[in-house]
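Visitor: Compact mmCIF, C-alpha atoms and all ligand atoms, file work-v6.txt:
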# COMPACT_ATOMS: atom_id res chain seq x y z
CA MET F 1 -28.37 -180.70 -22.07
CA SER F 2 -30.57 -182.65 -19.70
CA SER F 3 -34.02 -181.94 -21.08
CA VAL F 4 -36.05 -184.59 -22.85
CA TYR F 5 -36.30 -182.62 -26.01
CA PRO F 6 -33.84 -179.75 -26.25
CA PHE F 7 -36.31 -177.25 -24.75
CA SER F 8 -33.51 -175.13 -23.38
CA LEU F 9 -32.74 -174.31 -27.02
CA PRO F 10 -34.54 -171.80 -29.26
CA TRP F 11 -37.91 -172.87 -30.70
CA PRO F 12 -36.78 -173.48 -34.30
CA THR F 13 -34.44 -176.24 -33.15
CA VAL F 14 -37.05 -177.76 -30.81
CA GLY F 15 -39.71 -177.56 -33.54
CA TYR F 16 -37.50 -179.28 -36.09
CA VAL F 17 -36.62 -182.10 -33.68
CA VAL F 18 -40.31 -182.73 -32.91
CA LEU F 19 -41.24 -182.63 -36.61
CA TYR F 20 -38.31 -184.90 -37.42
CA VAL F 21 -39.35 -187.55 -34.87
CA ALA F 22 -43.04 -187.32 -35.85
CA THR F 23 -42.34 -187.78 -39.56
CA LEU F 24 -39.71 -190.48 -38.94
CA LEU F 25 -42.37 -192.40 -36.98
CA LEU F 26 -44.50 -192.61 -40.12
CA HIS F 27 -41.47 -193.84 -42.09
CA ALA F 28 -40.67 -196.39 -39.37
CA VAL F 29 -44.19 -197.88 -39.51
CA PHE F 30 -44.21 -198.40 -43.29
CA MET F 31 -40.54 -199.38 -43.38
CA SER F 32 -41.24 -202.04 -40.72
CA TYR F 33 -44.08 -203.52 -42.76
CA VAL F 34 -41.71 -203.72 -45.73
CA LEU F 35 -38.68 -205.03 -43.84
CA ALA F 36 -40.49 -207.76 -41.90
CA GLY F 37 -42.84 -208.37 -44.84
CA VAL F 38 -40.18 -209.14 -47.43
CA LEU F 39 -38.36 -211.45 -45.01
CA THR F 40 -41.61 -213.29 -44.26
CA VAL F 41 -42.44 -213.66 -47.96
CA ALA F 42 -38.93 -214.89 -48.79
CA ALA F 43 -39.07 -217.45 -45.95
CA ALA F 44 -42.57 -218.59 -47.01
CA LYS F 45 -41.54 -218.95 -50.65
CA VAL F 46 -38.42 -220.95 -49.80
CA ARG F 47 -40.39 -223.15 -47.39
CA GLY F 48 -43.09 -223.63 -50.05
CA LEU F 49 -40.40 -224.69 -52.50
CA LEU F 50 -38.85 -227.20 -50.10
CA ARG F 51 -42.12 -228.62 -48.76
CA GLY F 52 -44.34 -228.12 -51.79
CA THR F 53 -46.87 -226.07 -49.78
CA LYS F 54 -49.00 -223.17 -51.11
CA ALA F 55 -48.87 -219.58 -49.87
CA GLY F 56 -51.20 -218.95 -46.88
CA PRO F 57 -53.37 -215.86 -46.30
CA ILE F 58 -50.60 -213.94 -44.50
CA THR F 59 -48.22 -214.34 -47.46
CA THR F 60 -51.04 -213.55 -49.91
CA VAL F 61 -51.85 -210.25 -48.17
CA LEU F 62 -48.16 -209.35 -47.94
CA ILE F 63 -47.46 -210.01 -51.63
CA ASP F 64 -50.51 -207.98 -52.56
CA TRP F 65 -49.70 -204.99 -50.34
CA LEU F 66 -45.90 -204.82 -50.33
CA PRO F 67 -45.61 -202.69 -53.51
CA PHE F 68 -47.89 -200.08 -51.92
CA ALA F 69 -46.09 -200.35 -48.57
CA LEU F 70 -42.69 -199.83 -50.21
CA SER F 71 -43.85 -196.71 -52.03
CA ALA F 72 -45.38 -195.46 -48.75
CA ALA F 73 -42.11 -196.15 -46.88
CA ILE F 74 -40.12 -194.26 -49.50
CA THR F 75 -42.55 -191.33 -49.59
CA ALA F 76 -42.71 -191.17 -45.80
CA GLY F 77 -38.90 -191.05 -45.73
CA ILE F 78 -38.78 -187.73 -47.57
CA ALA F 79 -39.99 -185.46 -44.75
CA PRO F 80 -37.54 -186.75 -42.09
CA LEU F 81 -34.84 -186.64 -44.77
CA LEU F 82 -35.44 -182.90 -45.12
CA PHE F 83 -35.49 -182.31 -41.35
CA VAL F 84 -32.38 -184.38 -40.65
CA GLN F 85 -30.46 -182.25 -43.14
CA ILE F 86 -31.58 -179.06 -41.41
CA LEU F 87 -30.78 -180.38 -37.95
CA TYR F 88 -27.53 -182.24 -38.52
CA GLN F 89 -26.32 -180.80 -41.81
CA GLU F 90 -22.59 -181.35 -41.40
CA ALA F 91 -22.71 -184.85 -39.89
CA PHE F 92 -25.40 -186.18 -42.24
CA TYR F 93 -23.80 -184.82 -45.44
CA THR F 94 -20.34 -185.93 -44.39
CA ALA F 95 -21.51 -189.52 -43.85
CA ASN F 96 -23.33 -189.42 -47.24
CA LEU F 97 -20.20 -188.19 -49.01
CA LEU F 98 -17.87 -190.62 -47.27
CA LEU F 99 -19.99 -193.63 -48.22
CA PHE F 100 -20.31 -192.17 -51.73
CA HIS F 101 -21.31 -194.78 -54.39
CA ARG F 102 -22.23 -197.23 -51.67
CA TRP F 103 -24.75 -194.70 -50.36
CA MET F 104 -26.14 -193.79 -53.78
CA ALA F 105 -26.54 -197.49 -54.59
CA ILE F 106 -29.70 -197.54 -52.45
CA LEU F 107 -31.55 -195.74 -55.27
CA PRO F 108 -31.10 -198.33 -58.07
CA VAL F 109 -31.48 -201.13 -55.53
CA LEU F 110 -34.81 -199.70 -54.37
CA ILE F 111 -36.01 -199.31 -57.96
CA VAL F 112 -35.16 -202.95 -58.74
CA ALA F 113 -36.85 -204.13 -55.52
CA PHE F 114 -39.94 -202.09 -56.36
CA TYR F 115 -40.35 -203.66 -59.80
CA LEU F 116 -39.58 -207.16 -58.54
CA LEU F 117 -42.37 -206.76 -55.98
CA TYR F 118 -44.76 -206.17 -58.86
CA VAL F 119 -43.33 -209.21 -60.68
CA LEU F 120 -44.01 -211.29 -57.57
CA LYS F 121 -47.52 -209.89 -57.30
CA ALA F 122 -48.50 -210.02 -60.98
CA LYS F 123 -46.90 -213.20 -62.31
CA SER F 124 -47.60 -216.69 -61.20
CA VAL F 125 -44.17 -217.98 -62.19
CA ALA F 126 -42.49 -221.31 -61.44
CA PRO F 127 -42.00 -221.84 -57.66
CA ARG F 128 -38.23 -221.84 -58.01
CA LEU F 129 -38.15 -218.52 -59.87
CA SER F 130 -40.73 -217.05 -57.55
CA ALA F 131 -38.63 -218.03 -54.51
CA ALA F 132 -35.51 -216.55 -56.15
CA VAL F 133 -37.33 -213.26 -56.81
CA ALA F 134 -38.59 -213.14 -53.20
CA VAL F 135 -35.08 -213.75 -51.84
CA ALA F 136 -33.63 -211.08 -54.16
CA ILE F 137 -36.22 -208.57 -52.94
CA ALA F 138 -35.45 -209.39 -49.30
CA GLY F 139 -31.72 -208.96 -49.99
CA ALA F 140 -32.30 -205.60 -51.69
CA ILE F 141 -34.47 -204.21 -48.87
CA MET F 142 -32.00 -205.46 -46.25
CA PHE F 143 -29.21 -203.70 -48.14
CA VAL F 144 -31.13 -200.42 -48.04
CA GLY F 145 -31.93 -200.74 -44.33
CA TRP F 146 -28.32 -201.70 -43.60
CA SER F 147 -27.11 -198.64 -45.53
CA TRP F 148 -29.28 -196.29 -43.44
CA VAL F 149 -27.84 -197.77 -40.26
CA GLU F 150 -24.30 -197.51 -41.60
CA ASN F 151 -24.84 -193.90 -42.64
CA HIS F 152 -26.36 -193.00 -39.27
CA LEU F 153 -23.53 -194.52 -37.24
CA LEU F 154 -20.84 -193.05 -39.46
CA SER F 155 -22.45 -189.63 -39.05
CA LEU F 156 -22.07 -190.02 -35.27
CA ASP F 157 -18.51 -191.35 -35.40
CA ARG F 158 -16.63 -188.14 -36.19
CA ALA F 159 -13.30 -189.63 -35.16
CA ALA F 160 -13.54 -192.11 -38.05
CA TRP F 161 -14.12 -189.53 -40.80
CA VAL F 162 -10.52 -188.64 -41.66
CA ASP F 163 -9.33 -192.23 -41.74
CA HIS F 164 -12.36 -193.31 -43.74
CA TYR F 165 -11.67 -190.59 -46.31
CA ALA F 166 -7.93 -191.28 -46.43
CA LYS F 167 -8.51 -194.97 -47.12
CA GLY F 168 -11.18 -194.21 -49.75
CA SER F 169 -13.29 -196.79 -47.98
CA MET F 170 -16.93 -197.13 -49.02
CA VAL F 171 -17.99 -199.38 -46.16
CA TYR F 172 -18.23 -198.40 -42.49
CA ARG F 173 -17.24 -201.50 -40.58
CA ASP F 174 -18.08 -200.84 -36.94
CA PRO F 175 -19.62 -204.06 -35.49
CA SER F 176 -22.48 -202.03 -34.02
CA VAL F 177 -23.91 -201.69 -37.57
CA PHE F 178 -24.73 -205.39 -37.45
CA ALA F 179 -26.30 -205.27 -33.98
CA ARG F 180 -28.25 -202.09 -34.71
CA PHE F 181 -29.62 -203.40 -37.98
CA GLY F 182 -30.74 -206.60 -36.19
CA PHE F 183 -32.47 -204.38 -33.65
CA TRP F 184 -34.49 -202.57 -36.36
CA VAL F 185 -35.48 -205.91 -37.92
CA LEU F 186 -36.68 -207.05 -34.49
CA ALA F 187 -38.61 -203.80 -33.99
CA ALA F 188 -40.20 -204.24 -37.41
CA ILE F 189 -41.80 -207.61 -36.58
CA PRO F 190 -44.51 -206.51 -34.06
CA THR F 191 -45.32 -203.48 -36.21
CA SER F 192 -45.88 -205.50 -39.35
CA ALA F 193 -47.77 -208.15 -37.33
CA HIS F 194 -50.14 -205.48 -36.01
CA LEU F 195 -50.78 -203.99 -39.45
CA LEU F 196 -51.26 -207.47 -40.91
CA LEU F 197 -53.77 -208.37 -38.24
CA ARG F 198 -55.76 -205.25 -39.09
CA GLN F 199 -55.67 -206.22 -42.77
CA LEU F 200 -56.69 -209.83 -42.10
CA LYS F 201 -59.52 -208.60 -39.91
CA ALA F 202 -60.69 -206.32 -42.73
CA GLY F 203 -60.55 -209.19 -45.24
CA ALA F 204 -57.81 -207.54 -47.32
CA SER F 205 -56.86 -209.22 -50.63
CA GLY F 206 -60.01 -211.33 -50.47
CA VAL F 207 -58.94 -213.41 -47.43
CA ASP F 208 -61.63 -214.73 -45.11
CA ALA F 209 -62.04 -212.07 -42.40
CA SER F 210 -63.75 -214.48 -40.01
CA ALA F 211 -60.50 -216.49 -39.81
CA ALA F 212 -58.61 -213.48 -38.33
CA PRO F 213 -58.50 -214.86 -34.74
CA GLY F 214 -56.77 -217.98 -36.10
CA HIS F 215 -54.19 -215.89 -37.96
CA ALA F 216 -53.67 -213.79 -34.83
CA ARG F 217 -52.55 -216.96 -33.03
CA VAL F 218 -49.92 -217.48 -35.73
CA LEU F 219 -48.66 -213.90 -35.53
CA ALA F 220 -48.77 -213.58 -31.72
CA PRO F 221 -45.65 -215.61 -30.74
CA ALA F 222 -43.42 -213.75 -33.22
CA ALA F 223 -44.81 -210.38 -32.10
CA VAL F 224 -44.43 -211.16 -28.38
CA LEU F 225 -40.88 -212.50 -28.66
CA SER F 226 -39.69 -209.60 -30.77
CA LEU F 227 -41.32 -207.03 -28.45
CA LEU F 228 -39.48 -208.56 -25.49
CA GLY F 229 -36.25 -208.54 -27.51
CA VAL F 230 -36.63 -204.88 -28.45
CA VAL F 231 -37.30 -203.84 -24.85
CA ALA F 232 -34.21 -205.75 -23.69
CA LEU F 233 -31.94 -204.39 -26.42
CA ALA F 234 -33.15 -200.81 -26.85
CA SER F 235 -30.90 -199.23 -24.24
CA PRO F 236 -27.54 -200.81 -25.24
CA ILE F 237 -28.23 -200.51 -28.97
CA LEU F 238 -29.49 -196.93 -29.07
CA GLN F 239 -26.78 -195.68 -26.70
CA GLY F 240 -24.15 -197.38 -28.84
CA ARG F 241 -22.82 -199.50 -25.99
CA TRP F 242 -21.53 -202.15 -28.37
CA ALA F 243 -19.98 -199.65 -30.77
CA LEU F 244 -16.24 -199.21 -31.07
CA PHE F 245 -16.70 -195.43 -30.84
CA HIS F 246 -18.38 -193.19 -28.25
CA PRO F 247 -21.63 -191.55 -29.36
CA PRO F 248 -22.47 -188.24 -27.62
CA THR F 249 -24.73 -189.82 -24.98
CA THR F 250 -23.41 -188.93 -21.56
CA GLU F 251 -25.29 -185.66 -21.02
CA VAL F 252 -28.67 -186.95 -22.11
CA SER F 253 -28.96 -190.32 -20.40
CA GLY F 254 -31.91 -189.13 -18.22
CA ALA F 255 -33.85 -188.22 -21.34
CA ILE F 256 -33.01 -191.53 -22.96
CA GLN F 257 -34.31 -193.44 -19.97
CA LEU F 258 -37.55 -191.51 -19.94
CA TRP F 259 -38.18 -192.17 -23.64
CA LEU F 260 -37.17 -195.81 -23.28
CA ALA F 261 -39.85 -196.07 -20.58
CA VAL F 262 -42.43 -194.62 -23.00
CA GLY F 263 -41.34 -197.17 -25.61
CA ALA F 264 -41.57 -199.99 -23.04
CA LEU F 265 -45.08 -198.86 -22.09
CA GLY F 266 -46.03 -199.02 -25.77
CA ALA F 267 -44.54 -202.51 -25.94
CA LEU F 268 -46.53 -203.52 -22.85
CA LEU F 269 -49.82 -202.35 -24.40
CA GLN F 270 -49.03 -204.37 -27.50
CA LEU F 271 -48.09 -207.41 -25.42
CA VAL F 272 -51.47 -207.29 -23.69
CA THR F 273 -53.29 -207.24 -27.03
CA TRP F 274 -51.18 -210.13 -28.36
CA VAL F 275 -51.80 -212.24 -25.28
CA PHE F 276 -55.56 -211.74 -25.81
CA ALA F 277 -55.08 -212.45 -29.51
CA TRP F 278 -53.38 -215.71 -28.68
CA ARG F 279 -56.29 -216.67 -26.45
CA GLY F 280 -58.70 -216.19 -29.34
CA ALA F 281 -59.79 -212.53 -29.11
CA GLY F 282 -57.39 -211.40 -31.84
CA GLY F 283 -59.82 -209.49 -33.96
CA SER F 284 -61.64 -207.52 -31.26
CA PRO F 285 -61.89 -203.80 -32.10
CA TRP F 286 -60.73 -202.68 -28.64
CA GLY F 287 -57.72 -204.99 -28.87
CA LEU F 288 -56.74 -203.53 -32.22
CA ARG F 289 -57.20 -199.97 -30.96
CA LEU F 290 -55.14 -200.63 -27.84
CA GLY F 291 -52.50 -202.26 -30.03
CA SER F 292 -52.38 -199.20 -32.29
CA VAL F 293 -51.99 -196.84 -29.32
CA GLY F 294 -49.22 -199.11 -28.05
CA LEU F 295 -47.58 -199.12 -31.48
CA VAL F 296 -47.42 -195.32 -31.64
CA ALA F 297 -46.11 -195.05 -28.05
CA PHE F 298 -43.55 -197.79 -28.80
CA TRP F 299 -42.16 -195.96 -31.82
CA TRP F 300 -42.38 -192.49 -30.28
CA GLY F 301 -40.36 -193.73 -27.29
CA ILE F 302 -37.76 -195.58 -29.37
CA LEU F 303 -37.28 -192.79 -31.89
CA SER F 304 -37.10 -190.10 -29.22
CA ALA F 305 -34.52 -192.11 -27.27
CA ARG F 306 -32.62 -192.58 -30.55
CA GLU F 307 -32.72 -188.82 -31.05
CA ALA F 308 -31.77 -187.95 -27.49
CA VAL F 309 -28.39 -189.59 -28.17
CA ARG F 310 -27.73 -187.23 -31.06
CA ALA F 311 -29.50 -184.12 -29.73
CA ALA F 312 -26.49 -183.47 -27.50
CA THR F 313 -24.73 -182.19 -30.63
CA LEU F 314 -27.44 -179.64 -31.42
CA GLY F 315 -26.26 -176.81 -29.20
CA SER F 316 -23.47 -175.32 -31.34
CA ALA F 317 -23.88 -171.65 -32.21
CA GLU F 318 -23.56 -172.41 -35.90
CA ALA F 319 -26.31 -175.07 -35.82
CA LEU F 320 -28.67 -172.83 -33.82
CA ALA F 321 -28.11 -169.93 -36.22
CA ARG F 322 -28.85 -172.21 -39.18
CA HIS F 323 -32.08 -173.48 -37.63
CA SER F 324 -33.40 -169.96 -36.96
CA ARG F 325 -32.35 -168.81 -40.44
CA VAL F 326 -34.13 -171.73 -42.11
CA ALA F 327 -37.21 -171.20 -39.93
CA THR F 328 -37.70 -167.69 -41.34
CA THR F 329 -37.76 -168.73 -45.00
CA SER F 330 -41.44 -169.78 -44.89
CA GLY F 331 -40.58 -173.36 -45.82
CA LEU F 332 -42.04 -174.61 -42.56
CA VAL F 333 -45.38 -172.89 -43.18
CA VAL F 334 -45.59 -174.41 -46.66
CA PHE F 335 -44.68 -177.83 -45.21
CA LEU F 336 -47.37 -177.60 -42.52
CA VAL F 337 -50.04 -176.47 -45.01
CA PHE F 338 -49.27 -179.38 -47.32
CA ALA F 339 -49.01 -181.79 -44.39
CA VAL F 340 -52.55 -180.85 -43.32
CA ILE F 341 -53.83 -181.22 -46.92
CA ALA F 342 -52.08 -184.61 -47.31
CA VAL F 343 -53.33 -185.99 -43.98
CA GLY F 344 -56.85 -184.73 -44.79
CA ALA F 345 -56.73 -186.44 -48.20
CA VAL F 346 -55.52 -189.74 -46.71
CA VAL F 347 -58.25 -189.69 -44.03
CA TRP F 348 -60.90 -188.88 -46.68
CA ILE F 349 -59.72 -191.73 -48.96
CA ALA F 350 -59.66 -194.19 -46.04
CA ARG F 351 -63.24 -193.23 -45.10
CA GLN F 352 -64.41 -193.60 -48.69
CA VAL F 353 -62.81 -197.05 -48.98
CA ARG F 354 -64.30 -198.15 -45.66
CA ALA F 355 -67.76 -196.90 -46.67
CA GLY F 356 -67.42 -198.66 -50.06
CA LEU F 357 -66.37 -201.92 -48.40
CA ALA F 358 -69.26 -201.70 -45.95
CA ARG F 359 -71.72 -201.12 -48.82
CA ASN F 360 -70.35 -204.13 -50.75
CA SER F 361 -70.50 -206.48 -47.78
C1 LIG F 401 -37.58 -199.86 -47.71
C2 LIG F 401 -36.41 -199.33 -47.69
C3 LIG F 401 -35.88 -198.70 -46.42
C4 LIG F 401 -35.55 -199.30 -45.28
C5 LIG F 401 -35.59 -200.79 -44.98
C6 LIG F 401 -35.14 -198.26 -44.36
C7 LIG F 401 -34.69 -198.49 -43.07
C8 LIG F 401 -34.26 -197.51 -42.20
C9 LIG F 401 -33.66 -197.75 -40.92
C10 LIG F 401 -33.39 -199.13 -40.33
C11 LIG F 401 -33.38 -196.56 -40.36
C12 LIG F 401 -32.77 -196.32 -38.97
C13 LIG F 401 -31.27 -196.08 -39.08
C14 LIG F 401 -30.63 -196.03 -37.70
O1 LIG F 401 -31.05 -195.29 -36.83
O2 LIG F 401 -29.69 -196.79 -37.49
C15 LIG F 401 -33.81 -195.55 -41.28
C16 LIG F 401 -33.69 -194.21 -41.08
C17 LIG F 401 -34.07 -193.27 -41.96
N1 LIG F 401 -34.63 -193.48 -43.20
FE1 LIG F 401 -35.11 -195.25 -44.03
N2 LIG F 401 -35.25 -197.05 -44.96
C18 LIG F 401 -35.70 -197.26 -46.23
C19 LIG F 401 -35.89 -196.32 -47.20
C20 LIG F 401 -35.77 -194.97 -47.00
C21 LIG F 401 -35.92 -193.96 -48.02
C22 LIG F 401 -36.15 -194.24 -49.51
C23 LIG F 401 -35.78 -192.75 -47.40
C24 LIG F 401 -35.82 -191.38 -48.00
C25 LIG F 401 -36.62 -191.00 -48.94
C26 LIG F 401 -35.53 -192.99 -46.01
C27 LIG F 401 -35.34 -192.02 -45.04
C28 LIG F 401 -34.83 -192.27 -43.79
C29 LIG F 401 -34.40 -191.21 -42.88
C30 LIG F 401 -34.43 -189.72 -43.14
C31 LIG F 401 -33.89 -191.84 -41.75
C32 LIG F 401 -33.28 -191.18 -40.52
C33 LIG F 401 -31.79 -190.98 -40.81
C34 LIG F 401 -31.02 -190.37 -39.68
O3 LIG F 401 -31.61 -189.79 -38.77
O4 LIG F 401 -29.79 -190.47 -39.68
N3 LIG F 401 -35.51 -194.35 -45.81
N4 LIG F 401 -34.33 -196.16 -42.40
For this file, write the structure as structure tokens.
Ligand code: HEM

Guide:
Amino acid sequence: MSSVYPFSLPWPTVGYVVLYVATLLLHAVFMSYVLAGVLTVAAAKVRGLLRGTKAGPITTVLIDWLPFALSAAITAGIAPLLFVQILYQEAFYTANLLLFHRWMAILPVLIVAFYLLYVLKAKSVAPRLSAAVAVAIAGAIMFVGWSWVENHLLSLDRAAWVDHYAKGSMVYRDPSVFARFGFWVLAAIPTSAHLLLRQLKAGASGVDASAAPGHARVLAPAAVLSLLGVVALASPILQGRWALFHPPTTEVSGAIQLWLAVGALGALLQLVTWVFAWRGAGGSPWGLRLGSVGLVAFWWGILSAREAVRAATLGSAEALARHSRVATTSGLVVFLVFAVIAVGAVVWIARQVRAGLARNS
């Protein structure tokens, strides 16, 4: 299959791949805010403990918004979770079952992390305890992210399944899990920096909105360095070049390159906005809009390239028959109706909040 999306395949399969990538993009944005956010808060708390400094505006906004962001990341994960099961039923379920308790552990871990985020937000506890809670949250979120990477790679590594089952192993130890997880952390940094800048500009959590250009200068170096790192690493990581197994990439490398170029273009747009931010124009509306367009292109490119690696496995007669069968059960229509209602509700709420904020100021 050489097409970018598997357009040579029947429409149900193509439709599910597009819906999967689109919904995964939403998950990736919220998940990035959470992943980079909890690491930032943990680092700030530990530094505050060692140096006796107080939390700055960036940490304040993060602590205030992380509980919401985590629930948004979890909710936004549901739709791609449904589509991935339709598209890659056998591989996805097999990896779930092989990892077994290790896989299911993400549920209690997420629940604990969720409540600890509220503890961090609600209680002004002793600095030492507060730092310990922040580090525990970061560890829990990293465990969940790590588990998704492990599950994804195990689902691609069919040759490992029998051995994994025979050994009763609950951990998938390919070294690429480490590299790939690092890649997602790197990709999370510019995304969370962009969202944070928007929040700081809007005066979220009572911070001084006029100080946004100053905060942009703090965020810019991290965002620029991580964007450059993602662009450099995307191809080897997503094509599994450092894995000990061979993902099904060979037939789709043209598609991967095209989507990597889209991702790189998104990164370039973001780089431009960060360079301006660093020079003092961080809060300008056009800069933020350009950054948001870049952010969407960045994730669309990365996630499509990620998918192009796996889409080579979509052509089996059994998979195609399953996709057309599922497409005739009206589930898709119900999903689309509710998606439109949900997006409409979110847009309406955002407009109400913006109007309310404008009235108050
Ligand atoms: C905040 C906690 C979470 C983090 C840090 C996280 C992180 C990640 C990462 C890094 C990936 C990419 C895996 C890869 O390609 O190697 C991923 C994929 C995914 N995540 Fe999340 N995730 C979280 C929670 C969730 C939850 C609760 C759900 C479901 C409700 C979910 C649904 C998904 C789905 C469906 C995929 C794609 C899986 C695949 O295609 O194999 N995530 N997540």

Visitor: Quick one: distance from CA of Val109 (chain F) to CA of Val29 (chain F) in Å, one decimal?

Guide: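 Computed distance, CA of Val109 (chain F) to CA of Val29 (chain F), equals 20.7 Å.
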
Visitor: If the limit is 8 Å from any atom of ligand LIG 401 (chain F), counting only C-alpha atoms and all ligand atoms, which residues qualify? Return them as a PyMOL selection string.

Guide: chain F and resi 24+27-28+31-32+34-35+70+73-84+92+106-107+110+141-153+155+177+180-181+184-185+306-307

Visitor: What are the nearest atom pairs, with distances in Å to one decimal, for all residues of region 124-224 of chain F that come at most 10 Å from region 254-273 of chain F, using only C-alpha atoms, set out by chain and rising residue number as a Markdown table?

Guide:
| residue | atom | partner | partner_atom | distance |
| --- | --- | --- | --- | --- |
| F:Pro190 | CA | F:Gln270 | CA | 8.2 |
| F:Thr191 | CA | F:Gln270 | CA | 9.5 |
| F:His194 | CA | F:Gln270 | CA | 8.7 |
| F:Ala220 | CA | F:Leu271 | CA | 8.8 |
| F:Ala223 | CA | F:Leu271 | CA | 8.0 |
| F:Val224 | CA | F:Leu271 | CA | 6.0 |

Visitor: For the atom pair CA of Gly287 (chain F) and CA of Leu195 (chain F), what is the interatomic distance in Å to one decimal place?

Guide: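 So the two atoms, CA of Gly287 (chain F) and CA of Leu195 (chain F), lie 12.7 Å apart.
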
Visitor: Leaving out Ala95 (chain F) and any residue of its chain fewer than 4 positions from it, which residues lie within 12 Å of it when counting all atoms listed in the file, given as a short mmCIF file (atom, residue, chain, number, x, y, z; two decimals) with C-alpha atoms, keeping the file's coordinate frame?

Guide:
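Output saved as part_9.cif:
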data_model
loop_
_atom_site.label_atom_id
_atom_site.label_comp_id
_atom_site.auth_asym_id
_atom_site.auth_seq_id
_atom_site.Cartn_x
_atom_site.Cartn_y
_atom_site.Cartn_z
CA GLN F 85 -30.46 -182.25 -43.14
CA TYR F 88 -27.53 -182.24 -38.52
CA GLN F 89 -26.32 -180.80 -41.81
CA GLU F 90 -22.59 -181.35 -41.40
CA ALA F 91 -22.71 -184.85 -39.89
CA LEU F 99 -19.99 -193.63 -48.22
CA PHE F 100 -20.31 -192.17 -51.73
CA HIS F 101 -21.31 -194.78 -54.39
CA ARG F 102 -22.23 -197.23 -51.67
CA TRP F 103 -24.75 -194.70 -50.36
CA MET F 104 -26.14 -193.79 -53.78
CA SER F 147 -27.11 -198.64 -45.53
CA TRP F 148 -29.28 -196.29 -43.44
CA VAL F 149 -27.84 -197.77 -40.26
CA GLU F 150 -24.30 -197.51 -41.60
CA ASN F 151 -24.84 -193.90 -42.64
CA HIS F 152 -26.36 -193.00 -39.27
CA LEU F 153 -23.53 -194.52 -37.24
CA LEU F 154 -20.84 -193.05 -39.46
CA SER F 155 -22.45 -189.63 -39.05
CA LEU F 156 -22.07 -190.02 -35.27
CA ASP F 157 -18.51 -191.35 -35.40
CA ARG F 158 -16.63 -188.14 -36.19
CA ALA F 159 -13.30 -189.63 -35.16
CA ALA F 160 -13.54 -192.11 -38.05
CA TRP F 161 -14.12 -189.53 -40.80
CA VAL F 162 -10.52 -188.64 -41.66
CA HIS F 164 -12.36 -193.31 -43.74
CA TYR F 165 -11.67 -190.59 -46.31
CA SER F 169 -13.29 -196.79 -47.98
CA MET F 170 -16.93 -197.13 -49.02
CA VAL F 171 -17.99 -199.38 -46.16
CA TYR F 172 -18.23 -198.40 -42.49
#

Visitor: Would you work out the distance separating CA of Val353 (chain F) from CA of Leu25 (chain F), expressed in Å to one decimal?

Guide: 24.2 Å

Visitor: Name all residues at most 12 Å from Leu336 (chain F) (count only C-alpha atoms; drop same-chain ones fewer than 6 positions away) and give them as a list in words.

Guide: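 In the requested format, the answer is Gly15, Tyr16, Leu19, Thr23, Ala79, Ser330, Ala342 and Val343 of chain F.
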
Visitor: Pick the closest to Tyr115 (chain F) from F:Gly139, F:Pro67, F:Pro221, F:Pro57: which is it, counting all atoms listed in the file?

Guide: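 Of all the options, F:Pro67 lies closest to Tyr115 (chain F).
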
Visitor: Could you check the closest approach to Ile237 (chain F) for each of F:Ala138, F:Ala305, F:Ile189, F:Ala297 and tell me which residue wins, using all atoms listed in the file?

Guide: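 Of the candidates, the smallest distance to Ile237 (chain F) is held by F:Ala305.
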
Visitor: Ranking F:Phe178, F:Trp278, F:Trp11, F:Phe298 by minimum distance to Leu228 (chain F) and counting all atoms listed in the file, which one comes first?

Guide: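 For Leu228 (chain F), the nearest of the candidates is F:Phe298.
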
Visitor: Which residue, F:Val133, F:Val14, F:Val207, F:Ile111, has the smallest gap to Thr59 (chain F) when you use all atoms listed in the file?

Guide: F:Val207

Visitor: Which residue, F:Ile63, F:Ala193, F:Val347, F:Ile341, has the smallest gap to Ala122 (chain F) when you use all atoms listed in the file?

Guide: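 Nearest to Ala122 (chain F): F:Ile63.
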